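Just target16.csv here, CSV, C-alpha atoms:
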```csv
chain,number,residue,atom,x,y,z
V,1,MET,CA,-10.5,22.0,15.6
V,2,GLY,CA,-12.7,24.4,13.7
V,3,LYS,CA,-15.2,21.7,12.6
V,4,ALA,CA,-18.1,23.0,14.7
V,5,LEU,CA,-17.5,26.5,13.3
V,6,ALA,CA,-17.5,25.2,9.7
V,7,ASP,CA,-20.7,23.2,10.3
V,8,ALA,CA,-22.4,26.3,11.7
V,9,PHE,CA,-21.2,29.1,9.4
V,10,ALA,CA,-20.9,29.1,5.6
V,11,VAL,CA,-18.3,31.9,5.8
V,12,ALA,CA,-16.1,29.7,8.0
V,13,ARG,CA,-16.4,26.8,5.5
V,14,ALA,CA,-15.3,29.2,2.7
V,15,VAL,CA,-12.1,30.0,4.6
V,16,PHE,CA,-11.2,26.3,4.9
V,17,THR,CA,-12.0,25.8,1.2
V,18,GLU,CA,-9.7,28.7,0.2
V,19,VAL,CA,-6.9,27.3,2.3
V,20,ASP,CA,-7.4,23.8,0.7
V,21,ASP,CA,-7.3,25.4,-2.8
V,22,ALA,CA,-4.2,27.4,-1.9
V,23,LEU,CA,-2.3,24.3,-0.8
V,24,GLY,CA,-3.7,22.1,-3.5
V,25,GLU,CA,-4.8,19.4,-1.0
V,26,LYS,CA,-7.6,18.8,1.6
V,27,LEU,CA,-5.9,20.1,4.7
V,28,THR,CA,-9.3,20.4,6.2
V,29,SER,CA,-9.7,16.6,6.2
V,30,VAL,CA,-6.6,16.4,8.3
V,31,ILE,CA,-7.7,19.2,10.6
V,32,TRP,CA,-11.1,17.6,11.3
V,33,ASN,CA,-10.3,13.9,10.9
V,34,GLY,CA,-6.7,13.4,11.7
V,35,PRO,CA,-4.7,11.3,12.1
V,36,ALA,CA,-3.2,13.4,14.9
V,37,ASP,CA,0.4,12.6,14.1
V,38,ARG,CA,-0.1,14.0,10.6
V,39,LEU,CA,-1.9,17.2,11.8
V,40,THR,CA,0.9,17.9,14.3
V,41,LEU,CA,3.6,17.9,11.6
V,42,THR,CA,4.8,21.4,11.5
V,43,GLU,CA,4.1,21.9,7.8
V,44,ASN,CA,0.4,21.0,8.5
V,45,ALA,CA,-0.1,22.5,12.0
V,46,GLN,CA,1.1,26.0,11.0
V,47,PRO,CA,-1.4,26.6,8.1
V,48,ALA,CA,-4.1,24.7,10.1
V,49,LEU,CA,-3.9,27.0,13.1
V,50,MET,CA,-4.0,30.0,10.8
V,51,ALA,CA,-7.0,28.7,9.0
V,52,VAL,CA,-9.0,28.2,12.2
V,53,SER,CA,-8.1,31.8,13.4
V,54,LEU,CA,-9.2,33.3,10.1
V,55,ALA,CA,-12.4,31.3,10.0
V,56,VAL,CA,-13.3,32.6,13.4
V,57,LEU,CA,-12.5,36.2,12.4
V,58,ARG,CA,-14.6,36.0,9.2
V,59,VAL,CA,-17.5,34.7,11.3
V,60,LEU,CA,-17.1,37.6,13.6
V,61,ASN,CA,-17.1,40.0,10.6
V,62,VAL,CA,-20.4,38.6,9.4
V,63,GLU,CA,-22.2,37.7,12.6
V,64,ILE,CA,-21.4,40.7,14.9
V,65,GLY,CA,-20.1,43.2,12.4
V,66,LEU,CA,-16.5,43.2,13.7
V,67,ASP,CA,-14.5,45.8,11.8
V,68,LEU,CA,-10.8,45.7,12.7
V,69,ARG,CA,-10.2,49.2,11.4
V,70,ARG,CA,-12.9,50.6,13.7
V,71,ASP,CA,-12.9,48.2,16.6
V,72,VAL,CA,-9.3,47.1,17.2
V,73,ALA,CA,-6.2,49.0,18.3
V,74,PHE,CA,-3.5,46.3,17.4
V,75,VAL,CA,-3.1,42.8,16.2
V,76,ALA,CA,-0.4,40.4,17.4
V,77,GLY,CA,0.5,36.8,17.2
V,78,HIS,CA,2.9,34.4,18.8
V,79,SER,CA,5.4,33.0,16.3
V,80,LEU,CA,3.3,31.5,13.4
V,81,GLY,CA,0.4,33.5,14.8
V,82,GLU,CA,2.0,36.6,13.4
V,83,TYR,CA,1.0,35.4,10.0
V,84,SER,CA,-2.6,34.9,11.2
V,85,ALA,CA,-2.5,38.5,12.6
V,86,LEU,CA,-1.3,39.9,9.3
V,87,ALA,CA,-3.9,38.0,7.3
V,88,ALA,CA,-6.6,39.2,9.7
V,89,ALA,CA,-5.4,42.8,9.2
V,90,GLY,CA,-5.3,42.5,5.4
V,91,ALA,CA,-1.5,42.7,5.1
V,92,LEU,CA,-1.4,39.2,3.7
V,93,SER,CA,-4.0,37.4,1.6
V,94,LEU,CA,-5.4,34.2,3.1
V,95,SER,CA,-4.0,32.1,0.3
V,96,ASP,CA,-0.5,33.7,0.6
V,97,ALA,CA,-0.5,33.2,4.4
V,98,ALA,CA,-1.4,29.5,3.9
V,99,ARG,CA,1.3,28.9,1.3
V,100,LEU,CA,3.9,30.8,3.3
V,101,LEU,CA,3.1,28.8,6.5
V,102,ARG,CA,3.4,25.5,4.5
V,103,ILE,CA,6.8,26.6,3.3
V,104,ARG,CA,7.8,27.9,6.8
V,105,GLY,CA,6.8,24.6,8.5
V,106,ARG,CA,8.8,22.5,6.0
V,107,ALA,CA,11.8,24.8,6.1
V,108,MET,CA,11.9,24.9,9.9
V,109,GLN,CA,11.6,21.1,10.1
V,110,GLN,CA,14.4,20.6,7.6
V,111,ALA,CA,16.8,23.2,9.0
V,112,VAL,CA,18.2,20.9,11.6
V,113,PRO,CA,18.6,17.1,11.6
V,114,VAL,CA,16.1,15.3,13.8
V,115,GLY,CA,17.6,14.9,17.3
V,116,ALA,CA,20.3,17.5,16.9
V,117,GLY,CA,18.4,20.3,18.5
V,118,ALA,CA,16.1,20.8,21.5
V,119,MET,CA,14.1,23.4,23.5
V,120,ALA,CA,13.4,23.7,27.2
V,121,ALA,CA,11.2,25.8,29.3
V,122,LEU,CA,12.5,27.6,32.4
V,123,ILE,CA,9.8,28.5,34.9
V,124,GLY,CA,10.2,31.0,37.6
V,125,VAL,CA,13.0,32.9,35.9
V,126,GLN,CA,13.4,36.3,34.3
V,127,LEU,CA,14.7,36.9,30.8
V,128,GLU,CA,18.1,38.2,32.0
V,129,THR,CA,18.8,35.2,34.1
V,130,ALA,CA,17.7,32.8,31.4
V,131,ALA,CA,20.0,34.5,28.9
V,132,MET,CA,22.9,34.1,31.3
V,133,ILE,CA,22.1,30.4,31.8
V,134,ALA,CA,22.0,29.9,28.1
V,135,ALA,CA,25.2,31.7,27.5
V,136,GLU,CA,27.0,29.6,30.2
V,137,ALA,CA,25.6,26.4,28.7
V,138,ALA,CA,26.5,27.2,25.1
V,139,GLN,CA,30.2,26.2,25.3
V,140,GLY,CA,30.7,26.9,21.6
V,141,GLN,CA,27.3,25.6,20.6
V,142,VAL,CA,24.0,27.4,20.0
V,143,CYS,CA,21.9,28.0,23.1
V,144,GLN,CA,19.8,31.1,23.3
V,145,THR,CA,16.5,32.4,24.6
V,146,ALA,CA,13.7,31.7,22.1
V,147,ASN,CA,10.5,32.9,23.8
V,148,ASP,CA,10.0,35.4,26.5
V,149,ASN,CA,6.5,34.3,27.3
V,150,GLY,CA,6.0,36.3,30.5
V,151,GLY,CA,5.0,35.3,34.0
V,152,GLY,CA,8.5,34.0,34.6
V,153,GLN,CA,8.4,31.6,31.7
V,154,VAL,CA,11.3,31.7,29.3
V,155,VAL,CA,12.0,29.1,26.6
V,156,ILE,CA,15.5,28.3,25.4
V,157,SER,CA,16.6,26.7,22.1
V,158,GLY,CA,19.7,25.3,20.5
V,159,HIS,CA,21.9,22.3,20.2
V,160,LYS,CA,20.5,19.4,22.2
V,161,ALA,CA,23.6,19.0,24.4
V,162,ALA,CA,23.8,22.7,25.1
V,163,VAL,CA,20.1,22.9,26.1
V,164,GLU,CA,20.6,19.9,28.3
V,165,ARG,CA,23.5,21.6,30.0
V,166,ALA,CA,21.3,24.7,30.5
V,167,VAL,CA,18.6,22.6,32.1
V,168,ALA,CA,21.2,21.2,34.5
V,169,ILE,CA,22.6,24.6,35.3
V,170,ALA,CA,19.1,26.0,35.9
V,171,GLY,CA,18.3,23.1,38.2
V,172,ALA,CA,21.5,23.7,40.2
V,173,LYS,CA,20.5,27.3,40.6
V,174,GLY,CA,17.2,26.4,42.1
V,175,MET,CA,14.9,27.3,39.3
V,176,LYS,CA,11.3,26.7,40.2
V,177,ARG,CA,10.7,24.3,37.3
V,178,VAL,CA,12.7,23.2,34.3
V,179,MET,CA,11.6,20.9,31.5
V,180,MET,CA,12.7,19.7,28.1
V,181,LEU,CA,9.9,20.4,25.5
V,182,PRO,CA,8.6,17.7,23.1
V,183,VAL,CA,9.3,19.6,20.0
V,184,SER,CA,10.5,18.4,16.6
V,185,ALA,CA,13.1,21.1,16.0
V,186,PRO,CA,14.9,24.0,17.9
V,187,PHE,CA,12.8,26.9,16.8
V,188,HIS,CA,13.7,30.6,17.2
V,189,CYS,CA,17.5,30.2,17.4
V,190,ALA,CA,20.5,30.6,15.1
V,191,LEU,CA,20.2,26.9,14.0
V,192,MET,CA,17.1,28.0,12.0
V,193,GLN,CA,19.1,30.2,9.7
V,194,PRO,CA,18.5,27.9,6.7
V,195,ALA,CA,14.8,28.3,7.3
V,196,ALA,CA,15.2,32.1,7.5
V,197,ASP,CA,16.9,32.1,4.1
V,198,VAL,CA,14.1,30.1,2.6
V,199,MET,CA,11.5,32.4,4.1
V,200,ALA,CA,13.4,35.5,2.9
V,201,ALA,CA,13.1,34.2,-0.6
V,202,ALA,CA,9.4,33.1,-0.2
V,203,LEU,CA,8.4,36.4,1.3
V,204,SER,CA,10.1,38.4,-1.5
V,205,ARG,CA,7.6,36.8,-3.9
V,206,VAL,CA,4.4,37.8,-2.2
V,207,THR,CA,2.7,41.2,-1.8
V,208,ILE,CA,2.5,42.6,1.7
V,209,THR,CA,0.3,45.7,2.1
V,210,ARG,CA,-0.2,48.0,5.0
V,211,PRO,CA,-2.4,46.4,7.7
V,212,VAL,CA,-5.6,48.1,8.5
V,213,VAL,CA,-4.3,48.3,12.1
V,214,PRO,CA,-0.7,48.1,13.3
V,215,LEU,CA,1.0,44.7,14.0
V,216,VAL,CA,2.9,44.5,17.3
V,217,SER,CA,5.9,42.6,16.0
V,218,ASN,CA,7.4,39.6,17.7
V,219,VAL,CA,11.0,40.8,17.2
V,220,LEU,CA,10.4,44.5,17.9
V,221,ALA,CA,7.7,44.3,20.6
V,222,GLN,CA,6.6,47.6,18.9
V,223,PRO,CA,3.9,48.4,16.4
V,224,THR,CA,4.6,48.4,12.7
V,225,SER,CA,2.6,49.0,9.5
V,226,THR,CA,5.4,49.3,7.0
V,227,PRO,CA,5.4,46.4,4.5
V,228,SER,CA,9.2,46.2,4.3
V,229,GLU,CA,9.6,46.2,8.1
V,230,ILE,CA,6.9,43.5,8.4
V,231,ARG,CA,8.7,41.4,5.8
V,232,ASP,CA,12.0,41.8,7.7
V,233,GLY,CA,10.4,40.9,11.0
V,234,LEU,CA,8.9,37.7,9.6
V,235,VAL,CA,12.4,36.6,8.5
V,236,ASP,CA,14.1,37.7,11.7
V,237,GLN,CA,11.6,35.9,14.0
V,238,ILE,CA,12.7,32.5,12.5
V,239,THR,CA,16.1,32.9,14.3
V,240,GLY,CA,15.1,35.5,16.9
V,241,MET,CA,13.3,35.6,20.2
V,242,VAL,CA,9.5,36.0,20.4
V,243,ARG,CA,9.2,39.0,22.7
V,244,TRP,CA,5.6,38.2,23.8
V,245,ARG,CA,6.0,39.6,27.3
V,246,GLN,CA,7.2,42.9,25.9
V,247,SER,CA,4.6,42.9,23.2
V,248,VAL,CA,1.7,42.5,25.7
V,249,ALA,CA,3.3,45.1,28.0
V,250,PHE,CA,3.5,47.5,25.1
V,251,MET,CA,-0.2,47.1,24.2
V,252,GLU,CA,-1.2,47.5,27.9
V,253,GLY,CA,0.9,50.7,28.1
V,254,ALA,CA,-0.8,52.0,24.9
V,255,GLY,CA,-4.2,51.7,26.6
V,256,VAL,CA,-5.4,48.3,25.6
V,257,ARG,CA,-7.6,46.8,28.3
V,258,THR,CA,-9.4,44.1,26.4
V,259,PHE,CA,-7.6,41.1,24.7
V,260,TYR,CA,-9.3,38.6,22.5
V,261,GLU,CA,-7.6,35.3,21.5
V,262,ILE,CA,-9.0,34.4,18.1
V,263,GLY,CA,-8.7,30.7,17.0
V,264,ALA,CA,-7.9,27.4,18.6
V,265,GLY,CA,-7.2,27.3,22.4
V,266,LYS,CA,-6.6,29.9,25.0
V,267,VAL,CA,-2.9,29.6,25.9
V,268,LEU,CA,-2.1,33.2,25.0
V,269,LEU,CA,-4.8,34.5,27.3
V,270,GLY,CA,-3.2,32.6,30.2
V,271,LEU,CA,0.2,34.3,29.4
V,272,ILE,CA,-1.5,37.7,29.0
V,273,LYS,CA,-3.0,37.5,32.5
V,274,ARG,CA,0.4,36.8,33.9
V,275,ILE,CA,1.9,39.9,32.2
V,276,ALA,CA,-0.8,42.5,32.3
V,277,GLU,CA,-3.9,43.4,34.2
V,278,PRO,CA,-6.6,43.5,31.5
V,279,GLU,CA,-10.2,44.3,32.2
V,280,ARG,CA,-11.5,41.6,29.9
V,281,CYS,CA,-9.9,38.6,28.2
V,282,LEU,CA,-11.9,36.3,26.0
V,283,ALA,CA,-11.0,33.3,23.8
V,284,VAL,CA,-13.1,33.0,20.6
V,285,GLY,CA,-12.9,29.7,18.7
V,286,ALA,CA,-16.2,27.9,18.8
V,287,PRO,CA,-19.8,28.8,17.9
V,288,GLN,CA,-20.8,29.4,21.5
V,289,ASP,CA,-17.9,31.9,21.8
V,290,ILE,CA,-19.4,34.0,19.1
V,291,GLU,CA,-22.6,34.6,21.1
V,292,THR,CA,-20.5,35.3,24.2
V,293,LEU,CA,-18.5,37.9,22.4
V,294,ARG,CA,-21.7,39.4,20.9
V,295,MET,CA,-23.1,39.9,24.5
V,296,ASP,CA,-19.7,41.2,25.7
V,297,ARG,CA,-19.6,43.8,23.0
V,298,ASP,CA,-23.2,44.8,23.6
V,299,ARG,CA,-22.4,45.3,27.3
V,300,THR,CA,-19.0,46.9,27.2
V,301,GLY,CA,-18.2,48.1,23.7
V,302,PRO,CA,-15.8,46.7,21.2
V,303,LYS,CA,-12.4,48.5,21.4
V,304,ALA,CA,-9.5,46.1,22.0
```

Mind converting the file's structure to structure tokens?
Amino acid sequence: MGKALADAFAVARAVFTEVDDALGEKLTSVIWNGPADRLTLTENAQPALMAVSLAVLRVLNVEIGLDLRRDVAFVAGHSLGEYSALAAAGALSLSDAARLLRIRGRAMQQAVPVGAGAMAALIGVQLETAAMIAAEAAQGQVCQTANDNGGGQVVISGHKAAVERAVAIAGAKGMKRVMMLPVSAPFHCALMQPAADVMAAALSRVTITRPVVPLVSNVLAQPTSTPSEIRDGLVDQITGMVRWRQSVAFMEGAGVRTFYEIGAGKVLLGLIKRIAEPERCLAVGAPQDIETLRMDRDRTGPKA
């Protein structure tokens, strides 16, 4: 991912070089050449995804004159994407974001022994019902809602046995679709507290400034521009639920009609279309997407 962009634009190559320098290793070699099992390690995947997003954004800055302060109402990101959003809005430097995500990835992986935790997706269920199922399944263990993704998709996380009980309960209640997720750790639940402690210490050592546009926070589903509140939110989201449905609903309610997903993939656009009724949605991650966005802006204007 990101290779075609780096080949086409010097400013994108500069982003990848800066991330390599910040980490003290050639992460770009892993991003572009694999092996896949090394790239998908959480400690590599998190800074890699951020690097691709910021490379796309820098290209947009140069090639079509995108100015977040002028053209964008809010930034938001799902889980690790919140770091990408903050770097995009100038609240975190690119180097600090890369180093923080390396620390975050390692801390989250090490917080729970392999095999002790699990996550599952409940499809066709609302948050309140998913929370009741998780509470019923806990039985003294951790089992809680981790992602409210919208469109009737809620992810639960916790001890493996408890999550398996929740899957069984959901199936017995006639849930549309229930599945265990192939993840390496139980993210966004209380079992991640050791990782939250690590991130609290790491975040205390970096400078966070006011973003040029507000961040719609995962844990608040409300906009924030206060450095201390941003720092607290990044710590809280390690153990707390990603309120994506509420975040998108807030932005739509605030008048946003255009959503751009910047970086690798278009999963978030799919979720957004299930939550809101945007006038335009566009994923921007490859050179051809840059030209598409240029034409889109020329036709409709930039505000998003």

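Here CA of Gln237 (chain V) stands at a distance of 13.1 Å from CA of Leu203 (chain V).
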
Which polymer residues have any atom within 12 Å of an atom of region 290-294 of chain V, counting all atoms listed in the file, with same-chain residues fewer than 2 positions away left out, as a PyMOL selection string?
chain V and resi 4-5+8-9+55-66+258-263+280-288+296-302

Show which residues sit within 8 Å of region 83-92 of chain V, as a ChimeraX atom specification. Count all atoms listed in the file, and ignore same-chain residues fewer than 3 positions away.
/V:50-51,53-54,57,68,75-77,80,96-97,101,207-213,215,227

Take the residues that were just selected and, keeping C-alpha atoms, output them as a compact mmCIF listing (two decimals), in the frame of the given file.
```
# COMPACT_ATOMS: atom_id res chain seq x y z
CA MET V 50 -4.00 30.00 10.80
CA ALA V 51 -7.00 28.70 9.00
CA SER V 53 -8.10 31.80 13.40
CA LEU V 54 -9.20 33.30 10.10
CA LEU V 57 -12.50 36.20 12.40
CA LEU V 68 -10.80 45.70 12.70
CA VAL V 75 -3.10 42.80 16.20
CA ALA V 76 -0.40 40.40 17.40
CA GLY V 77 0.50 36.80 17.20
CA LEU V 80 3.30 31.50 13.40
CA ASP V 96 -0.50 33.70 0.60
CA ALA V 97 -0.50 33.20 4.40
CA LEU V 101 3.10 28.80 6.50
CA THR V 207 2.70 41.20 -1.80
CA ILE V 208 2.50 42.60 1.70
CA THR V 209 0.30 45.70 2.10
CA ARG V 210 -0.20 48.00 5.00
CA PRO V 211 -2.40 46.40 7.70
CA VAL V 212 -5.60 48.10 8.50
CA VAL V 213 -4.30 48.30 12.10
CA LEU V 215 1.00 44.70 14.00
CA PRO V 227 5.40 46.40 4.50
```

From the list V:Ser228, V:Ser184, V:Gln153, V:Gln126, which residue is nearest Gly270 (chain V) when using only C-alpha atoms?
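When distances to Gly270 (chain V) are compared using only C-alpha atoms, the smallest one comes from V:Gln153.
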
Counting all atoms listed in the file, which residue out of V:Arg165, V:Arg177, V:Arg106, V:Lys160 sits closest to Ala195 (chain V)?
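So, comparing all the options, the nearest one is V:Arg106.
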
Grab the CA of Ala249 (chain V) to CA of Leu49 (chain V) distance for me, in Å with one decimal place.
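These two atoms are separated by 24.5 Å.
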
Interatomic distance (Å, one decimal) between CA of Pro35 (chain V) and CA of Gly158 (chain V)
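Going from CA of Pro35 (chain V) over to CA of Gly158 (chain V), I get 29.4 Å.
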
Exercise: region 108-111 of chain V partners within 10 Å, all atoms listed in the file, chain neighbours under 5 positions left out, as a list in words
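These residues fall inside the cut-off: Leu41, Thr42, Glu43, Ile103, Ser184, Ala185, Pro186, Phe187, His188, Leu191, Met192, Gln193, Pro194, Ala195, Ala196, Val198, Met199 and Ile238 of chain V.
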
Excluding region 133-143 of chain V and its own-chain neighbours fewer than 6 positions away, which residues fall within 7 Å of it when counting all atoms listed in the file? Please give them as a list in words.
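Non-adjacent residues within range: Ile156, Ser157, Gly158, His159, Ala162, Val163, Arg165, Ala166, Ile169, Ala170 and Ala190 of chain V.
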
For the residues in that selection, give me C-alpha atoms as a PDB file, in the coordinates of the input.
```
ATOM      1  CA  ILE V 156      15.500  28.300  25.400  1.00  0.00           C
ATOM      2  CA  SER V 157      16.600  26.700  22.100  1.00  0.00           C
ATOM      3  CA  GLY V 158      19.700  25.300  20.500  1.00  0.00           C
ATOM      4  CA  HIS V 159      21.900  22.300  20.200  1.00  0.00           C
ATOM      5  CA  ALA V 162      23.800  22.700  25.100  1.00  0.00           C
ATOM      6  CA  VAL V 163      20.100  22.900  26.100  1.00  0.00           C
ATOM      7  CA  ARG V 165      23.500  21.600  30.000  1.00  0.00           C
ATOM      8  CA  ALA V 166      21.300  24.700  30.500  1.00  0.00           C
ATOM      9  CA  ILE V 169      22.600  24.600  35.300  1.00  0.00           C
ATOM     10  CA  ALA V 170      19.100  26.000  35.900  1.00  0.00           C
ATOM     11  CA  ALA V 190      20.500  30.600  15.100  1.00  0.00           C
TER      12      ALA V 190
END
```

Which is closest to Asp236 (chain V) among V:Val19, V:Leu271, V:Ala254, V:Cys189, if we use only C-alpha atoms?
V:Cys189

For Gly152 (chain V), find every residue with an atom within 9 Å (counting only C-alpha atoms), except residues of its own chain fewer than 4 positions away, and show them as a VMD selection string.
chain V and resid 122 to 127 148 274
